[in-house]
There are 2 protein chains.
Amino acid sequence: MKPVKVGVCGLGTVGSGTVNVLLRNAGILKARTGREIQLTQIGARRPNPACDTTGIDVTTDIFEVAANPEIDIVVELIGGYDVALQLVKTAIENGKHVVTANKALIAEHGNEIFTLAREKNVIVAYEAGVAGGIPAIKALREGLVANRISWLAGIINGTGNFILTEMKDRGSPFADVLKEAQELGYAEADPTFDVEGIDAAHKLAILAANAFGTPLMFDKTYTEGISRVTPDDLRYAQELGYRIKHLGIARQREGGVELRVHPTLIPESHLLASVNGVMNSVLVQGDAVGQTMYYGPGAGSEPTASAVVADIADIARLVDAPSAAVPPLPYSAGTTEVAALPIGDVVAASYLRMRVKDHPGVLMRVTEALGQYGINIDALLQKEKREIAGAADIVLLTHEIKESVLMSAIQAIEALDDITGKVAHIRVEHLD
Amino acid sequence: MKPVKVGVCGLGTVGSGTVNVLLRNAGILKARTGREIQLTQIGARRPNPACDTTGIDVTTDIFEVAANPEIDIVVELIGGYDVALQLVKTAIENGKHVVTANKALIAEHGNEIFTLAREKNVIVAYEAGVAGGIPAIKALREGLVANRISWLAGIINGTGNFILTEMKDRGSPFADVLKEAQELGYAEADPTFDVEGIDAAHKLAILAANAFGTPLMFDKTYTEGISRVTPDDLRYAQELGYRIKHLGIARQREGGVELRVHPTLIPESHLLASVNGVMNSVLVQGDAVGQTMYYGPGAGSEPTASAVVADIADIARLVDAPSAAVPPLPYSAGTTEVAALPIGDVVAASYLRMRVKDHPGVLMRVTEALGQYGINIDALLQKEKREIAGAADIVLLTHEIKESVLMSAIQAIEALDDITGKVAHIRVEHLD
């Protein structure tokens with residue numbers, strides 16, 4: 001059988017990992033896919049000492065790879081939007097299959113890319129874009145194909161999970177741990193994408209489209225970062241039997257889907273609460289199987305390359321197959337547009353933390369304010385703040401309540417004389 | 001596109017779940033696979049009130065299903081060996097693809113079945129045979145295709161994990177918890193297959209063949225059950241920072257592979273240690289990706305059906321594709337026979353527990369005996385047994401040592417005057 005020819009564009013962290021894995025494990029790949037996968041050309045502005053490209057045709061013009069008539073599969077690993085989009089579209093126009101690790105590109109331009117790919121009858125694969133080396137997209141599209149997915153929840157940003165894990169373990173504030181993460185190379189110089197949840201929202205949009213068979217709805221995803229979580233919050237949550245994780249949550253509801261990224265209290269007994277450091281994990285609820293979870297490294301050179309090469313191998317087996325053999329892309333002809341529910345319509349339990357003047361009656365006035373909005377309290381902590389005379393923290397967990405109602409109750413609490421500053425609010429999910 | 005026609009043989013727990021999922025989620029399956037999956041015939045000795053087969057052709061002769069010229073895929077869910085093997089072989093001879101949930105059949109007759117399937121150019125799929133609803137086989141064969149797998153470790157028998165979890169949480173002895181598991185329906189009247197590790201060894205053999213590209217080697221798998229684990233062991237392990245889990249472990253070593261099922265101490269901080277109750281989990285170490293883990297229900301009607309139907313959907317997409325599109329079966333032409341290492345050659349850390357007469361010098365004589373075999377001690381507990389006058393338990397963790405050497409040391413310890421009875425021995429794995 002003739003070899004399948006691959007062109008890799010971009011030779012950064014993931015590109016060099018992909019080259020290394022393709023070369024090192026060429027024998028295994030041939031045994032497992034039944035044909036040779038040949039690294040035919042690399043497009044990169046400069047060489048990367050992390051990989052040896054001796055004997056491989058290297059060009060500085062990535063568009064040469066997309067135009068190379070020899071090549072079956074173009075691998076886009078340059079990142080970013082404009083040039084990457086142009087490269088992917090050119091490759092598709094030229095009848096190439098495409099593999100990419102670019103979640104931003106897929107989340108924001110995937111609907112357009114998938115439409116073009118269907119017209120040209122080529123495959124666009126993006127396993128590496130979500131949860132790094134974990135085969136989560138494959139699990140959703142193929143392993144759980146029999147299930148109606150009611151919800152999924154994921155720790156899908158390693159930087160954020162590292163920061164929250166360190167803050168909890170050491171009681172350090174966000175800013176200090178962020179600085180350390182930057183020094184360790186776990187966080188970018190501009191950490192906005194990671195800590196404000198944009199990267200997680202990209203991945204959540206991709207997961208949700210695959211789970212629910214909907215178009216990509218990144219622009220409708222509610223996104224909240226972790227910069228306002230305090231060491232106190234992490235400690236109080238623990239005292240109440242919870243952990244705080246930065247989750248991406250997608251849920252099918254009557255009338256639409258919830259798509260939201262935010263810090264979340266989850267029960268400490270749930271396996272997802274034990275996913276620490278830079279690791280990622282995706283939890284999925286299906287109607288037949290119940291809960292399954294997929295865990296592994298969410299980033300890194302060879303972990304991400306593992307997913308890139310898995311996509312290459314899938315395509316290699318299918319290059320001569322009819323298109324019916326390929327699991328359909330999200331936003332295919334059969335998918336239905338659905339509404340994204342506004343965050344105010346979300347019904348969730350909540351953690352509230354407020355600073356109060358420590359004198360009798362304050363707790364009563366807070367619970368009265370909640371009661372006026374029909375909000376019941378599940379658990380409560382009152383903690384004297386030794387370092388501030390006359391001040392205490394009240395922490396409480398509410399029953400499930402519509403978020404717009406909760407916001408009104410929070411305004412009423414903040415208007416009370418006994419309350420100093422704002423009420424901190426973190427959603428609670430029991431994941432059952 | 002013409003529908004893919006499925007015949008289901010067996011209408012027990014998994015069979016009825018499969019019928020229910022195929023019928024309930026027919027629309028989702030059509031959207032996701034691009035074609036209709038039609039439940040054309042059921043072969044079952046008697047109806048099952050758990051599923052409604054109105055309008056479906058039901059025969060009491062399963063071999064009628066295997067001979068039905070209409071049918072593309074025969075689903076074997078009758079269990080057992082002889083008739084199941086005959087059914088599967090007949091279906092393959094008749095050019096049908098086969099899906100089965102029968103791990104015993106695949107583990108013990110898979111090499112023969114796969115050889116026949118290749119001759120007839122049909123697919124034999126068995127995702128449901130290992131770890132129930134978790135797409136673990138798909139992860140190994142496809143999601144991790146880029147990796148050289150160095151080892152895998154799994155909690156792959158829900159009954160055993162339930163018993164160990166309950167013994168630990170409540171301090172109850174094995175026999176009591178087994179009885180309760182039988183009353184709850186988690187354990188069979190004859191629990192041998194589950195508690196003695198045979199079921200786990202079946203699944204381990206299948207996982208290892210897929211991970212390493214070797215033939216199935218069930219008959220060479222070392223198997224030890226959980227019936228000798230005591231509540232004391234579970235408590236002592238916990239004091240040392242470990243949990244005891246019944247693991248299946250497969251590891252590539254120079255000179256061959258280790259295949260072993262036995263109770264194992266694992267660090268309590270490892271995610272696998274938090275997999276409790278009837279849940280299953282498979283942890284895999286690949287050279288590119290590092291560690292990934294797959295978690296979910298290991299048994300049950302619809303969880304298992306979820307995997308059966310995933311296999312059906314995979315085949316449905318591939319019925320018109322060339323055979324190159326199908327990930328090869330284990331024991332395909334390219335696989336290499338490898339040696340299974342005898343358990344005496346395994347190098348592992350160990351937990352040893354012994355009852356001693358509580359007087360000075362005993363600990364010194366035990367450590368001397370170990371020292372004579374070059375065995376170092378990592379951690380040690382000495383526990384007075386209040387209920388037995390003058391008796392104490394010594395518990396220690398050894399460094400990694402070849403098992404045959406450890407066995408000699410244990411004999412030397414058992415020969416000491418101060419030791420009462422046998423030395424209990426449980427292997428330790430750090431899973432790093």
# chains A, B, ... in the order shown; residues from 1 in each chain; ligands from 1
>>> interface_residues(of="chain A", to="chain B", cutoff="8 Å", atoms="only C-alpha atoms", output="MDAnalysis selection string")
chainID A and resid 21:22 25 28:29 31:34 133:135 138:139 141:148 271 274:275 288:297 302:307 309:310 313:314 317:318 320:322 324:328 334:335
>>> residues_around(residues="Arg365 of chain A", least_positions_apart="4", cutoff="9 Å", atoms="only C-alpha atoms", output="list of chain:residue names")
A:Gly361, A:Ala369, A:Leu370, A:Ile413, A:Leu416, A:Asp418
>>> select_by_dssp(residues="segment 48-260 of chain B", states="helix (DSSP H, G or I)", output="JSON, numbers by chain")
{"B": [62, 63, 64, 65, 66, 67, 82, 83, 84, 85, 86, 87, 88, 89, 90, 91, 92, 93, 103, 104, 105, 106, 107, 108, 109, 110, 111, 112, 113, 114, 115, 116, 117, 118, 119, 120, 127, 128, 129, 136, 137, 138, 139, 140, 141, 142, 143, 158, 159, 160, 161, 162, 163, 164, 165, 166, 167, 168, 169, 170, 174, 175, 176, 177, 178, 179, 180, 181, 182, 183, 184, 192, 193, 194, 195, 198, 199, 200, 201, 202, 203, 204, 205, 206, 207, 208, 209, 210, 211, 212, 218, 219, 220, 231, 232, 233, 234, 235, 236, 237, 238, 239]}
>>> select_by_dssp(residues="segment 230-315 of chain B", states="strand (DSSP E or B)", output="ChimeraX atom specification")
/B:242-253,256-267,279-286,290-297
>>> write_last_selection(atoms="C-alpha atoms", output="mmCIF file, in the first residue's frame")
data_model
loop_
_atom_site.group_PDB
_atom_site.id
_atom_site.type_symbol
_atom_site.label_atom_id
_atom_site.label_comp_id
_atom_site.auth_asym_id
_atom_site.auth_seq_id
_atom_site.Cartn_x
_atom_site.Cartn_y
_atom_site.Cartn_z
ATOM 1 C CA TYR B 242 -1.271 3.954 50.305
ATOM 2 C CA ARG B 243 -4.499 2.329 49.168
ATOM 3 C CA ILE B 244 -4.909 -1.338 48.238
ATOM 4 C CA LYS B 245 -6.522 -1.925 44.842
ATOM 5 C CA HIS B 246 -6.969 -5.116 42.847
ATOM 6 C CA LEU B 247 -4.985 -4.223 39.722
ATOM 7 C CA GLY B 248 -4.297 -5.795 36.398
ATOM 8 C CA ILE B 249 -0.801 -4.743 35.365
ATOM 9 C CA ALA B 250 0.870 -5.258 31.981
ATOM 10 C CA ARG B 251 4.401 -4.017 31.450
ATOM 11 C CA GLN B 252 6.960 -4.285 28.659
ATOM 12 C CA ARG B 253 10.323 -5.379 30.004
ATOM 13 C CA GLY B 256 9.242 -10.097 27.596
ATOM 14 C CA VAL B 257 6.105 -8.749 29.174
ATOM 15 C CA GLU B 258 4.744 -8.899 32.712
ATOM 16 C CA LEU B 259 1.076 -9.839 32.937
ATOM 17 C CA ARG B 260 -0.219 -9.961 36.469
ATOM 18 C CA VAL B 261 -3.409 -9.488 38.452
ATOM 19 C CA HIS B 262 -3.068 -9.059 42.206
ATOM 20 C CA PRO B 263 -3.891 -6.791 45.148
ATOM 21 C CA THR B 264 -1.532 -3.815 44.974
ATOM 22 C CA LEU B 265 -0.566 -0.933 47.233
ATOM 23 C CA ILE B 266 -0.645 2.332 45.270
ATOM 24 C CA PRO B 267 0.096 5.854 46.585
ATOM 25 C CA MET B 279 -16.197 1.848 39.031
ATOM 26 C CA ASN B 280 -13.427 0.785 36.641
ATOM 27 C CA SER B 281 -10.407 2.701 35.437
ATOM 28 C CA VAL B 282 -7.519 2.043 33.076
ATOM 29 C CA LEU B 283 -4.246 3.971 33.396
ATOM 30 C CA VAL B 284 -1.841 3.905 30.451
ATOM 31 C CA GLN B 285 1.774 5.068 30.184
ATOM 32 C CA GLY B 286 2.801 6.042 26.649
ATOM 33 C CA GLY B 290 2.823 10.183 29.421
ATOM 34 C CA GLN B 291 -0.036 9.034 31.647
ATOM 35 C CA THR B 292 -3.653 9.091 30.576
ATOM 36 C CA MET B 293 -6.541 7.521 32.452
ATOM 37 C CA TYR B 294 -9.989 6.316 31.419
ATOM 38 C CA TYR B 295 -12.727 6.005 34.034
ATOM 39 C CA GLY B 296 -16.328 4.834 34.121
ATOM 40 C CA PRO B 297 -18.774 2.065 34.950
#
>>> residues_around(residues="Val278 of chain A", least_positions_apart="6", cutoff="9 Å", atoms="only C-alpha atoms", output="PyMOL selection string")
chain A and resi 157-163+165+186+297-299
>>> closest_residue(among="A:Asn121, A:Gln41, A:Asn376, A:Gln182", to="Lys96 of chain A", atoms="only C-alpha atoms")
A:Asn121
>>> residues_around(residues="segment 80-82 of chain B", least_positions_apart="4", cutoff="10 Å", atoms="only C-alpha atoms", output="PyMOL selection string")
chain B and resi 86-87+102-106+108-109
>>> write_last_selection(atoms="N, CA and C atoms", output="JSON list (two decimals), in the first residue's frame")
[["chain", "number", "residue", "atom", "x", "y", "z"],
["B", 86, "GLN", "N", -18.99, -21.08, 18.77],
["B", 86, "GLN", "CA", -19.60, -21.63, 17.55],
["B", 86, "GLN", "C", -20.39, -20.56, 16.80],
["B", 87, "LEU", "N", -21.12, -19.74, 17.57],
["B", 87, "LEU", "CA", -21.91, -18.66, 16.96],
["B", 87, "LEU", "C", -21.02, -17.66, 16.25],
["B", 102, "ASN", "N", -18.05, -10.46, 25.20],
["B", 102, "ASN", "CA", -17.64, -11.68, 25.89],
["B", 102, "ASN", "C", -16.11, -11.72, 26.07],
["B", 103, "LYS", "N", -15.65, -11.19, 27.22],
["B", 103, "LYS", "CA", -14.19, -11.12, 27.45],
["B", 103, "LYS", "C", -13.56, -12.50, 27.60],
["B", 104, "ALA", "N", -14.31, -13.42, 28.21],
["B", 104, "ALA", "CA", -13.76, -14.76, 28.40],
["B", 104, "ALA", "C", -13.51, -15.40, 27.04],
["B", 105, "LEU", "N", -14.48, -15.26, 26.14],
["B", 105, "LEU", "CA", -14.35, -15.82, 24.79],
["B", 105, "LEU", "C", -13.15, -15.20, 24.05],
["B", 106, "ILE", "N", -13.05, -13.87, 24.09],
["B", 106, "ILE", "CA", -11.97, -13.20, 23.37],
["B", 106, "ILE", "C", -10.62, -13.53, 24.01],
["B", 108, "GLU", "N", -9.69, -16.13, 25.71],
["B", 108, "GLU", "CA", -9.27, -17.52, 25.59],
["B", 108, "GLU", "C", -9.30, -18.06, 24.17],
["B", 109, "HIS", "N", -10.13, -17.48, 23.29],
["B", 109, "HIS", "CA", -10.20, -17.96, 21.91],
["B", 109, "HIS", "C", -9.96, -16.86, 20.87]]
>>> residues_around(residues="Gln372 of chain B", least_positions_apart="4", cutoff="12 Å", atoms="only C-alpha atoms", output="number ranges by chain")
B: 365-368, 376, 405-406, 408-410, 412-413
>>> write_last_selection(atoms="C-alpha atoms", output="PDB file, in the first residue's frame")
ATOM      1  CA  ARG B 365      16.080 -10.415  63.554  1.00  0.00           C
ATOM      2  CA  VAL B 366      13.520  -9.624  60.830  1.00  0.00           C
ATOM      3  CA  THR B 367      15.619  -6.806  59.370  1.00  0.00           C
ATOM      4  CA  GLU B 368      18.709  -9.025  59.556  1.00  0.00           C
ATOM      5  CA  ASN B 376      16.226  -2.562  52.110  1.00  0.00           C
ATOM      6  CA  VAL B 405      14.715 -13.235  46.094  1.00  0.00           C
ATOM      7  CA  LEU B 406      11.926 -11.811  48.240  1.00  0.00           C
ATOM      8  CA  SER B 408      13.539 -16.706  49.863  1.00  0.00           C
ATOM      9  CA  ALA B 409      13.729 -13.898  52.417  1.00  0.00           C
ATOM     10  CA  ILE B 410      10.102 -14.504  53.428  1.00  0.00           C
ATOM     11  CA  ALA B 412      13.815 -17.186  56.206  1.00  0.00           C
ATOM     12  CA  ILE B 413      11.575 -14.839  58.203  1.00  0.00           C
TER      13      ILE B 413
END
>>> residues_around(residues="Pro231 of chain B", least_positions_apart="3", cutoff="12 Å", atoms="only C-alpha atoms", output="JSON, numbers by chain")
{"B": [163, 164, 165, 166, 167, 168, 169, 170, 171, 172, 173, 174, 175, 176, 177, 226, 227, 228, 234, 235, 236, 237, 238, 243, 244]}
>>> closest_residue(among="A:Ala117, A:Val14, A:Leu216, A:Ala211", to="Trp151 of chain A", atoms="only C-alpha atoms")
A:Ala211
>>> atom_distance(atom1="atom CA of Val8 of chain A", atom2="atom CA of Val74 of chain A")
6.1 Å
